[in-house]
Amino acid sequence: MKDQQSDVLVYTTKRPFWHFLLALPLYFFTISMSLKMFNLFCENKFMSGLKFTTAVFFMFVCAAGLTFTKRVYTNANAKTVSFAFTLFQIPLCKKIVFKNVQYVSVYKNYADRDFEIQIWISETKKESVSVHLNSKPAFYLASKIAEGFEVDLLDATEKGNFKWVEKENENQKL
């Protein structure tokens, strides 16, 4: 982004301590299994090495899933939002940036029974940026994004009964 000074951090994933406790043995086994994997490849036992590679990958993905963080930055002047995913301060992917945001909505997906946060870029173009199982965390993140953008928040959780969330009522939904 061009104007880093006006980017405001509006949301950071809060990981409970027990996530790190669960991930610690997974990281330990990932390291020890990686050493065994390299040993198997050095001994020309490729099939066993490939099996260990699959196990190491699975263990690392599980551990990373418990410890990665998501940060959301907004820029009200430029009407942009960016999402950054990190693992121990190491970026996992390129920042995802949305420009010219019109409003933010929380949509109830009745097929999957979850709540989606959608960023509306125009009247017809929207992007789903987050999925939550409960409405409370979905409204919390959506209100933070809308607050950072200084745009409105739409409650689209009831089919056919969409309503704008008032700034004072946002805290009641949380």
# chains A, B, ... in the order shown; residues from 1 in each chain; ligands from 1
>>> select_by_dssp(residues="region 20-109 of chain A", states="alpha helix (DSSP H)", output="PyMOL selection string")
chain A and resi 20-42+46-67
>>> residues_around(residues="region 98-109 of chain A", least_positions_apart="6", cutoff="8 Å", atoms="only C-alpha atoms", output="ChimeraX atom specification")
/A:78-82,115-122,138-139,142,145-146,149,151-159
>>> residues_around(residues="Met59 (chain A)", least_positions_apart="3", cutoff="7 Å", atoms="only C-alpha atoms", output="compact mmCIF listing (two decimals) with N, CA, C and O atoms, in the first residue's frame")
# COMPACT_ATOMS: atom_id res chain seq x y z
N LEU A 26 3.01 -30.97 18.56
CA LEU A 26 2.94 -31.15 17.11
C LEU A 26 4.20 -30.60 16.43
O LEU A 26 4.74 -31.23 15.52
N THR A 30 6.98 -32.75 14.49
CA THR A 30 7.29 -32.34 13.11
C THR A 30 8.80 -32.27 12.91
O THR A 30 9.33 -32.76 11.90
N ALA A 55 3.30 -37.47 6.62
CA ALA A 55 3.02 -37.29 8.05
C ALA A 55 3.56 -35.95 8.55
O ALA A 55 2.90 -35.25 9.33
N VAL A 56 4.77 -35.58 8.12
CA VAL A 56 5.37 -34.30 8.54
C VAL A 56 4.52 -33.15 8.04
O VAL A 56 4.24 -32.20 8.78
N CYS A 62 -1.44 -28.99 10.90
CA CYS A 62 -2.25 -28.97 12.12
C CYS A 62 -1.69 -27.98 13.14
O CYS A 62 -2.44 -27.20 13.75
N ALA A 63 -0.38 -27.99 13.33
CA ALA A 63 0.25 -27.07 14.29
C ALA A 63 0.11 -25.63 13.83
O ALA A 63 -0.19 -24.74 14.63
>>> closest_atom_pairs(of="region 24-127 of chain A", to="region 5-17 of chain A", cutoff="12 Å", atoms="only C-alpha atoms", output="JSON lines")
{"residue": "A:Leu24", "atom": "CA", "partner": "A:Phe17", "partner_atom": "CA", "distance": 11.0}
{"residue": "A:Gly65", "atom": "CA", "partner": "A:Arg15", "partner_atom": "CA", "distance": 10.8}
{"residue": "A:Leu66", "atom": "CA", "partner": "A:Arg15", "partner_atom": "CA", "distance": 8.0}
{"residue": "A:Thr67", "atom": "CA", "partner": "A:Arg15", "partner_atom": "CA", "distance": 7.2}
{"residue": "A:Phe68", "atom": "CA", "partner": "A:Thr13", "partner_atom": "CA", "distance": 8.4}
{"residue": "A:Thr69", "atom": "CA", "partner": "A:Thr13", "partner_atom": "CA", "distance": 5.3}
{"residue": "A:Lys70", "atom": "CA", "partner": "A:Thr13", "partner_atom": "CA", "distance": 5.3}
{"residue": "A:Arg71", "atom": "CA", "partner": "A:Thr12", "partner_atom": "CA", "distance": 4.5}
{"residue": "A:Val72", "atom": "CA", "partner": "A:Tyr11", "partner_atom": "CA", "distance": 5.1}
{"residue": "A:Tyr73", "atom": "CA", "partner": "A:Leu9", "partner_atom": "CA", "distance": 4.4}
{"residue": "A:Thr74", "atom": "CA", "partner": "A:Val8", "partner_atom": "CA", "distance": 5.3}
{"residue": "A:Asn75", "atom": "CA", "partner": "A:Asp7", "partner_atom": "CA", "distance": 4.8}
{"residue": "A:Ala76", "atom": "CA", "partner": "A:Ser6", "partner_atom": "CA", "distance": 7.9}
{"residue": "A:Asn77", "atom": "CA", "partner": "A:Ser6", "partner_atom": "CA", "distance": 7.7}
{"residue": "A:Ala78", "atom": "CA", "partner": "A:Ser6", "partner_atom": "CA", "distance": 8.9}
{"residue": "A:Lys79", "atom": "CA", "partner": "A:Asp7", "partner_atom": "CA", "distance": 10.2}
{"residue": "A:Thr80", "atom": "CA", "partner": "A:Asp7", "partner_atom": "CA", "distance": 8.8}
{"residue": "A:Val81", "atom": "CA", "partner": "A:Asp7", "partner_atom": "CA", "distance": 8.5}
{"residue": "A:Ser82", "atom": "CA", "partner": "A:Asp7", "partner_atom": "CA", "distance": 9.0}
{"residue": "A:Phe83", "atom": "CA", "partner": "A:Tyr11", "partner_atom": "CA", "distance": 9.5}
{"residue": "A:Ala84", "atom": "CA", "partner": "A:Thr12", "partner_atom": "CA", "distance": 9.6}
{"residue": "A:Phe85", "atom": "CA", "partner": "A:Thr13", "partner_atom": "CA", "distance": 9.7}
{"residue": "A:Thr86", "atom": "CA", "partner": "A:Thr13", "partner_atom": "CA", "distance": 10.4}
{"residue": "A:Leu87", "atom": "CA", "partner": "A:Thr13", "partner_atom": "CA", "distance": 11.6}
{"residue": "A:Val97", "atom": "CA", "partner": "A:Asp7", "partner_atom": "CA", "distance": 11.8}
>>> write_last_selection(atoms="N, CA and C atoms", output="short mmCIF file (atom, residue, chain, number, x, y, z; two decimals), in the first residue's frame")
data_model
loop_
_atom_site.label_atom_id
_atom_site.label_comp_id
_atom_site.auth_asym_id
_atom_site.auth_seq_id
_atom_site.Cartn_x
_atom_site.Cartn_y
_atom_site.Cartn_z
N LEU A 24 2.49 -27.23 20.57
CA LEU A 24 3.89 -27.50 20.96
C LEU A 24 4.33 -28.94 20.68
N GLY A 65 -2.21 -24.40 11.92
CA GLY A 65 -3.61 -24.02 12.06
C GLY A 65 -3.97 -23.57 13.46
N LEU A 66 -3.27 -24.10 14.43
CA LEU A 66 -3.52 -23.71 15.83
C LEU A 66 -2.80 -22.42 16.22
N THR A 67 -1.79 -22.00 15.46
CA THR A 67 -0.97 -20.87 15.92
C THR A 67 -0.89 -19.69 14.95
N PHE A 68 -1.46 -19.78 13.74
CA PHE A 68 -1.35 -18.64 12.84
C PHE A 68 -2.25 -17.50 13.33
N THR A 69 -1.93 -16.28 12.93
CA THR A 69 -2.76 -15.13 13.29
C THR A 69 -3.20 -14.39 12.05
N LYS A 70 -4.37 -13.79 12.16
CA LYS A 70 -4.92 -12.97 11.09
C LYS A 70 -5.00 -11.54 11.60
N ARG A 71 -4.48 -10.61 10.81
CA ARG A 71 -4.56 -9.20 11.15
C ARG A 71 -5.30 -8.48 10.04
N VAL A 72 -6.20 -7.58 10.44
CA VAL A 72 -6.98 -6.82 9.47
C VAL A 72 -6.63 -5.34 9.63
N TYR A 73 -6.19 -4.73 8.54
CA TYR A 73 -5.84 -3.31 8.51
C TYR A 73 -6.82 -2.58 7.61
N THR A 74 -7.30 -1.42 8.05
CA THR A 74 -8.18 -0.62 7.21
C THR A 74 -7.58 0.76 7.01
N ASN A 75 -7.99 1.39 5.92
CA ASN A 75 -7.59 2.75 5.61
C ASN A 75 -8.85 3.48 5.19
N ALA A 76 -9.40 4.30 6.07
CA ALA A 76 -10.66 4.98 5.80
C ALA A 76 -10.52 5.99 4.68
N ASN A 77 -9.37 6.64 4.57
CA ASN A 77 -9.18 7.65 3.52
C ASN A 77 -9.18 7.02 2.13
N ALA A 78 -8.48 5.91 1.97
CA ALA A 78 -8.38 5.26 0.66
C ALA A 78 -9.47 4.20 0.47
N LYS A 79 -10.27 3.94 1.50
CA LYS A 79 -11.31 2.91 1.47
C LYS A 79 -10.74 1.55 1.06
N THR A 80 -9.67 1.14 1.74
CA THR A 80 -9.06 -0.16 1.49
C THR A 80 -8.99 -0.97 2.77
N VAL A 81 -9.01 -2.27 2.62
CA VAL A 81 -8.82 -3.19 3.74
C VAL A 81 -7.81 -4.23 3.28
N SER A 82 -6.93 -4.64 4.20
CA SER A 82 -5.97 -5.68 3.86
C SER A 82 -5.94 -6.71 4.98
N PHE A 83 -5.78 -7.96 4.57
CA PHE A 83 -5.72 -9.09 5.48
C PHE A 83 -4.31 -9.66 5.42
N ALA A 84 -3.69 -9.87 6.57
CA ALA A 84 -2.35 -10.43 6.64
C ALA A 84 -2.38 -11.65 7.54
N PHE A 85 -1.90 -12.77 7.03
CA PHE A 85 -1.83 -14.01 7.78
C PHE A 85 -0.37 -14.30 8.09
N THR A 86 -0.05 -14.48 9.39
CA THR A 86 1.33 -14.71 9.79
C THR A 86 1.43 -15.92 10.71
N LEU A 87 2.61 -16.53 10.70
CA LEU A 87 2.92 -17.62 11.61
C LEU A 87 4.22 -17.24 12.30
N VAL A 97 -5.82 -7.34 -0.46
CA VAL A 97 -6.26 -5.95 -0.36
C VAL A 97 -7.55 -5.76 -1.15
#
>>> residues_around(residues="Phe41 (chain A)", least_positions_apart="6", cutoff="10 Å", atoms="only C-alpha atoms", output="ChimeraX atom specification")
/A:47-50,52
>>> atom_distance(atom1="CA of Asp114 (chain A)", atom2="CA of Phe60 (chain A)")
26.8 Å
>>> select_by_dssp(residues="chain A", states="strand (DSSP E)", output="PyMOL selection string")
chain A and resi 8-12+69-75+80-87+90-91+96-99+103-109+114-120+126-132+152-156+163-165
>>> decode(residues="region 29-139 of chain A", atoms="C-alpha atoms", output="PDB file, in the first residue's frame")
ATOM      1  CA  PHE A  29       7.066 -34.231  16.410  1.00  0.00           C
ATOM      2  CA  THR A  30       7.292 -32.338  13.113  1.00  0.00           C
ATOM      3  CA  ILE A  31      10.954 -31.569  13.752  1.00  0.00           C
ATOM      4  CA  SER A  32      11.836 -35.061  14.967  1.00  0.00           C
ATOM      5  CA  MET A  33       9.932 -36.715  12.104  1.00  0.00           C
ATOM      6  CA  SER A  34      11.648 -34.400   9.609  1.00  0.00           C
ATOM      7  CA  LEU A  35      15.027 -35.647  10.819  1.00  0.00           C
ATOM      8  CA  LYS A  36      13.853 -39.252  10.431  1.00  0.00           C
ATOM      9  CA  MET A  37      12.491 -38.422   6.963  1.00  0.00           C
ATOM     10  CA  PHE A  38      15.864 -37.040   5.811  1.00  0.00           C
ATOM     11  CA  ASN A  39      17.582 -40.099   7.270  1.00  0.00           C
ATOM     12  CA  LEU A  40      15.292 -42.427   5.304  1.00  0.00           C
ATOM     13  CA  PHE A  41      15.968 -40.559   2.067  1.00  0.00           C
ATOM     14  CA  CYS A  42      19.731 -40.720   2.712  1.00  0.00           C
ATOM     15  CA  GLU A  43      19.434 -44.494   3.186  1.00  0.00           C
ATOM     16  CA  ASN A  44      17.565 -44.768  -0.168  1.00  0.00           C
ATOM     17  CA  LYS A  45      14.314 -45.878   1.484  1.00  0.00           C
ATOM     18  CA  PHE A  46      12.153 -43.649  -0.706  1.00  0.00           C
ATOM     19  CA  MET A  47       8.740 -45.196   0.025  1.00  0.00           C
ATOM     20  CA  SER A  48       9.200 -44.889   3.776  1.00  0.00           C
ATOM     21  CA  GLY A  49      10.596 -41.376   3.266  1.00  0.00           C
ATOM     22  CA  LEU A  50       7.492 -40.386   1.282  1.00  0.00           C
ATOM     23  CA  LYS A  51       5.238 -41.746   4.020  1.00  0.00           C
ATOM     24  CA  PHE A  52       7.126 -39.679   6.583  1.00  0.00           C
ATOM     25  CA  THR A  53       6.897 -36.635   4.267  1.00  0.00           C
ATOM     26  CA  THR A  54       3.104 -36.944   4.263  1.00  0.00           C
ATOM     27  CA  ALA A  55       3.018 -37.287   8.047  1.00  0.00           C
ATOM     28  CA  VAL A  56       5.371 -34.305   8.540  1.00  0.00           C
ATOM     29  CA  PHE A  57       3.249 -32.151   6.236  1.00  0.00           C
ATOM     30  CA  PHE A  58       0.041 -33.140   8.056  1.00  0.00           C
ATOM     31  CA  MET A  59       1.548 -32.450  11.496  1.00  0.00           C
ATOM     32  CA  PHE A  60       2.895 -29.064  10.408  1.00  0.00           C
ATOM     33  CA  VAL A  61      -0.451 -27.995   8.904  1.00  0.00           C
ATOM     34  CA  CYS A  62      -2.251 -28.972  12.125  1.00  0.00           C
ATOM     35  CA  ALA A  63       0.246 -27.072  14.287  1.00  0.00           C
ATOM     36  CA  ALA A  64       0.196 -24.018  12.012  1.00  0.00           C
ATOM     37  CA  GLY A  65      -3.608 -24.017  12.056  1.00  0.00           C
ATOM     38  CA  LEU A  66      -3.517 -23.708  15.825  1.00  0.00           C
ATOM     39  CA  THR A  67      -0.971 -20.873  15.918  1.00  0.00           C
ATOM     40  CA  PHE A  68      -1.353 -18.639  12.844  1.00  0.00           C
ATOM     41  CA  THR A  69      -2.757 -15.125  13.291  1.00  0.00           C
ATOM     42  CA  LYS A  70      -4.917 -12.972  11.086  1.00  0.00           C
ATOM     43  CA  ARG A  71      -4.564  -9.196  11.153  1.00  0.00           C
ATOM     44  CA  VAL A  72      -6.977  -6.816   9.465  1.00  0.00           C
ATOM     45  CA  TYR A  73      -5.843  -3.306   8.515  1.00  0.00           C
ATOM     46  CA  THR A  74      -8.180  -0.616   7.212  1.00  0.00           C
ATOM     47  CA  ASN A  75      -7.589   2.748   5.612  1.00  0.00           C
ATOM     48  CA  ALA A  76     -10.658   4.977   5.797  1.00  0.00           C
ATOM     49  CA  ASN A  77      -9.179   7.645   3.518  1.00  0.00           C
ATOM     50  CA  ALA A  78      -8.379   5.256   0.661  1.00  0.00           C
ATOM     51  CA  LYS A  79     -11.312   2.910   1.468  1.00  0.00           C
ATOM     52  CA  THR A  80      -9.060  -0.160   1.489  1.00  0.00           C
ATOM     53  CA  VAL A  81      -8.819  -3.189   3.740  1.00  0.00           C
ATOM     54  CA  SER A  82      -5.969  -5.679   3.862  1.00  0.00           C
ATOM     55  CA  PHE A  83      -5.719  -9.086   5.480  1.00  0.00           C
ATOM     56  CA  ALA A  84      -2.346 -10.426   6.636  1.00  0.00           C
ATOM     57  CA  PHE A  85      -1.833 -14.015   7.784  1.00  0.00           C
ATOM     58  CA  THR A  86       1.334 -14.711   9.791  1.00  0.00           C
ATOM     59  CA  LEU A  87       2.924 -17.622  11.611  1.00  0.00           C
ATOM     60  CA  PHE A  88       5.273 -16.375  14.347  1.00  0.00           C
ATOM     61  CA  GLN A  89       5.648 -13.020  12.516  1.00  0.00           C
ATOM     62  CA  ILE A  90       6.478 -14.812   9.225  1.00  0.00           C
ATOM     63  CA  PRO A  91       4.023 -13.879   6.462  1.00  0.00           C
ATOM     64  CA  LEU A  92       2.144 -16.905   5.146  1.00  0.00           C
ATOM     65  CA  CYS A  93       0.829 -15.229   2.016  1.00  0.00           C
ATOM     66  CA  LYS A  94       0.724 -11.908   0.232  1.00  0.00           C
ATOM     67  CA  LYS A  95      -1.551  -9.306   1.796  1.00  0.00           C
ATOM     68  CA  ILE A  96      -5.087  -9.492   0.424  1.00  0.00           C
ATOM     69  CA  VAL A  97      -6.256  -5.953  -0.356  1.00  0.00           C
ATOM     70  CA  PHE A  98      -9.767  -4.728  -1.189  1.00  0.00           C
ATOM     71  CA  LYS A  99     -10.245  -1.196  -2.562  1.00  0.00           C
ATOM     72  CA  ASN A 100     -13.249   1.171  -2.723  1.00  0.00           C
ATOM     73  CA  VAL A 101     -15.366  -0.672  -0.170  1.00  0.00           C
ATOM     74  CA  GLN A 102     -19.025   0.413  -0.135  1.00  0.00           C
ATOM     75  CA  TYR A 103     -20.231  -1.472   2.962  1.00  0.00           C
ATOM     76  CA  VAL A 104     -19.742  -4.664   4.998  1.00  0.00           C
ATOM     77  CA  SER A 105     -22.354  -7.350   5.617  1.00  0.00           C
ATOM     78  CA  VAL A 106     -22.821 -10.432   7.765  1.00  0.00           C
ATOM     79  CA  TYR A 107     -24.652 -13.070   5.732  1.00  0.00           C
ATOM     80  CA  LYS A 108     -26.247 -16.255   7.103  1.00  0.00           C
ATOM     81  CA  ASN A 109     -25.507 -19.120   4.729  1.00  0.00           C
ATOM     82  CA  TYR A 110     -28.401 -21.498   5.347  1.00  0.00           C
ATOM     83  CA  ALA A 111     -26.887 -24.265   3.203  1.00  0.00           C
ATOM     84  CA  ASP A 112     -23.736 -24.506   5.340  1.00  0.00           C
ATOM     85  CA  ARG A 113     -25.245 -23.043   8.539  1.00  0.00           C
ATOM     86  CA  ASP A 114     -22.463 -20.531   8.999  1.00  0.00           C
ATOM     87  CA  PHE A 115     -22.027 -16.773   8.976  1.00  0.00           C
ATOM     88  CA  GLU A 116     -20.022 -15.097   6.216  1.00  0.00           C
ATOM     89  CA  ILE A 117     -18.517 -11.624   6.362  1.00  0.00           C
ATOM     90  CA  GLN A 118     -18.790 -10.026   2.957  1.00  0.00           C
ATOM     91  CA  ILE A 119     -17.122  -6.863   1.713  1.00  0.00           C
ATOM     92  CA  TRP A 120     -19.158  -5.084  -0.943  1.00  0.00           C
ATOM     93  CA  ILE A 121     -17.018  -3.308  -3.510  1.00  0.00           C
ATOM     94  CA  SER A 122     -19.990  -2.263  -5.690  1.00  0.00           C
ATOM     95  CA  GLU A 123     -23.722  -2.967  -5.797  1.00  0.00           C
ATOM     96  CA  THR A 124     -23.100  -6.310  -7.519  1.00  0.00           C
ATOM     97  CA  LYS A 125     -19.513  -7.228  -6.624  1.00  0.00           C
ATOM     98  CA  LYS A 126     -18.796  -8.727  -3.213  1.00  0.00           C
ATOM     99  CA  GLU A 127     -16.062 -10.835  -1.656  1.00  0.00           C
ATOM    100  CA  SER A 128     -16.492 -13.231   1.233  1.00  0.00           C
ATOM    101  CA  VAL A 129     -13.551 -12.640   3.575  1.00  0.00           C
ATOM    102  CA  SER A 130     -14.300 -14.720   6.644  1.00  0.00           C
ATOM    103  CA  VAL A 131     -16.567 -17.562   7.773  1.00  0.00           C
ATOM    104  CA  HIS A 132     -17.690 -18.116  11.369  1.00  0.00           C
ATOM    105  CA  LEU A 133     -19.824 -20.774  13.028  1.00  0.00           C
ATOM    106  CA  ASN A 134     -21.491 -18.292  15.419  1.00  0.00           C
ATOM    107  CA  SER A 135     -22.946 -14.859  14.793  1.00  0.00           C
ATOM    108  CA  LYS A 136     -21.154 -13.177  17.709  1.00  0.00           C
ATOM    109  CA  PRO A 137     -17.557 -13.430  16.364  1.00  0.00           C
ATOM    110  CA  ALA A 138     -18.817 -12.692  12.852  1.00  0.00           C
ATOM    111  CA  PHE A 139     -20.480  -9.461  13.948  1.00  0.00           C
TER     112      PHE A 139
END
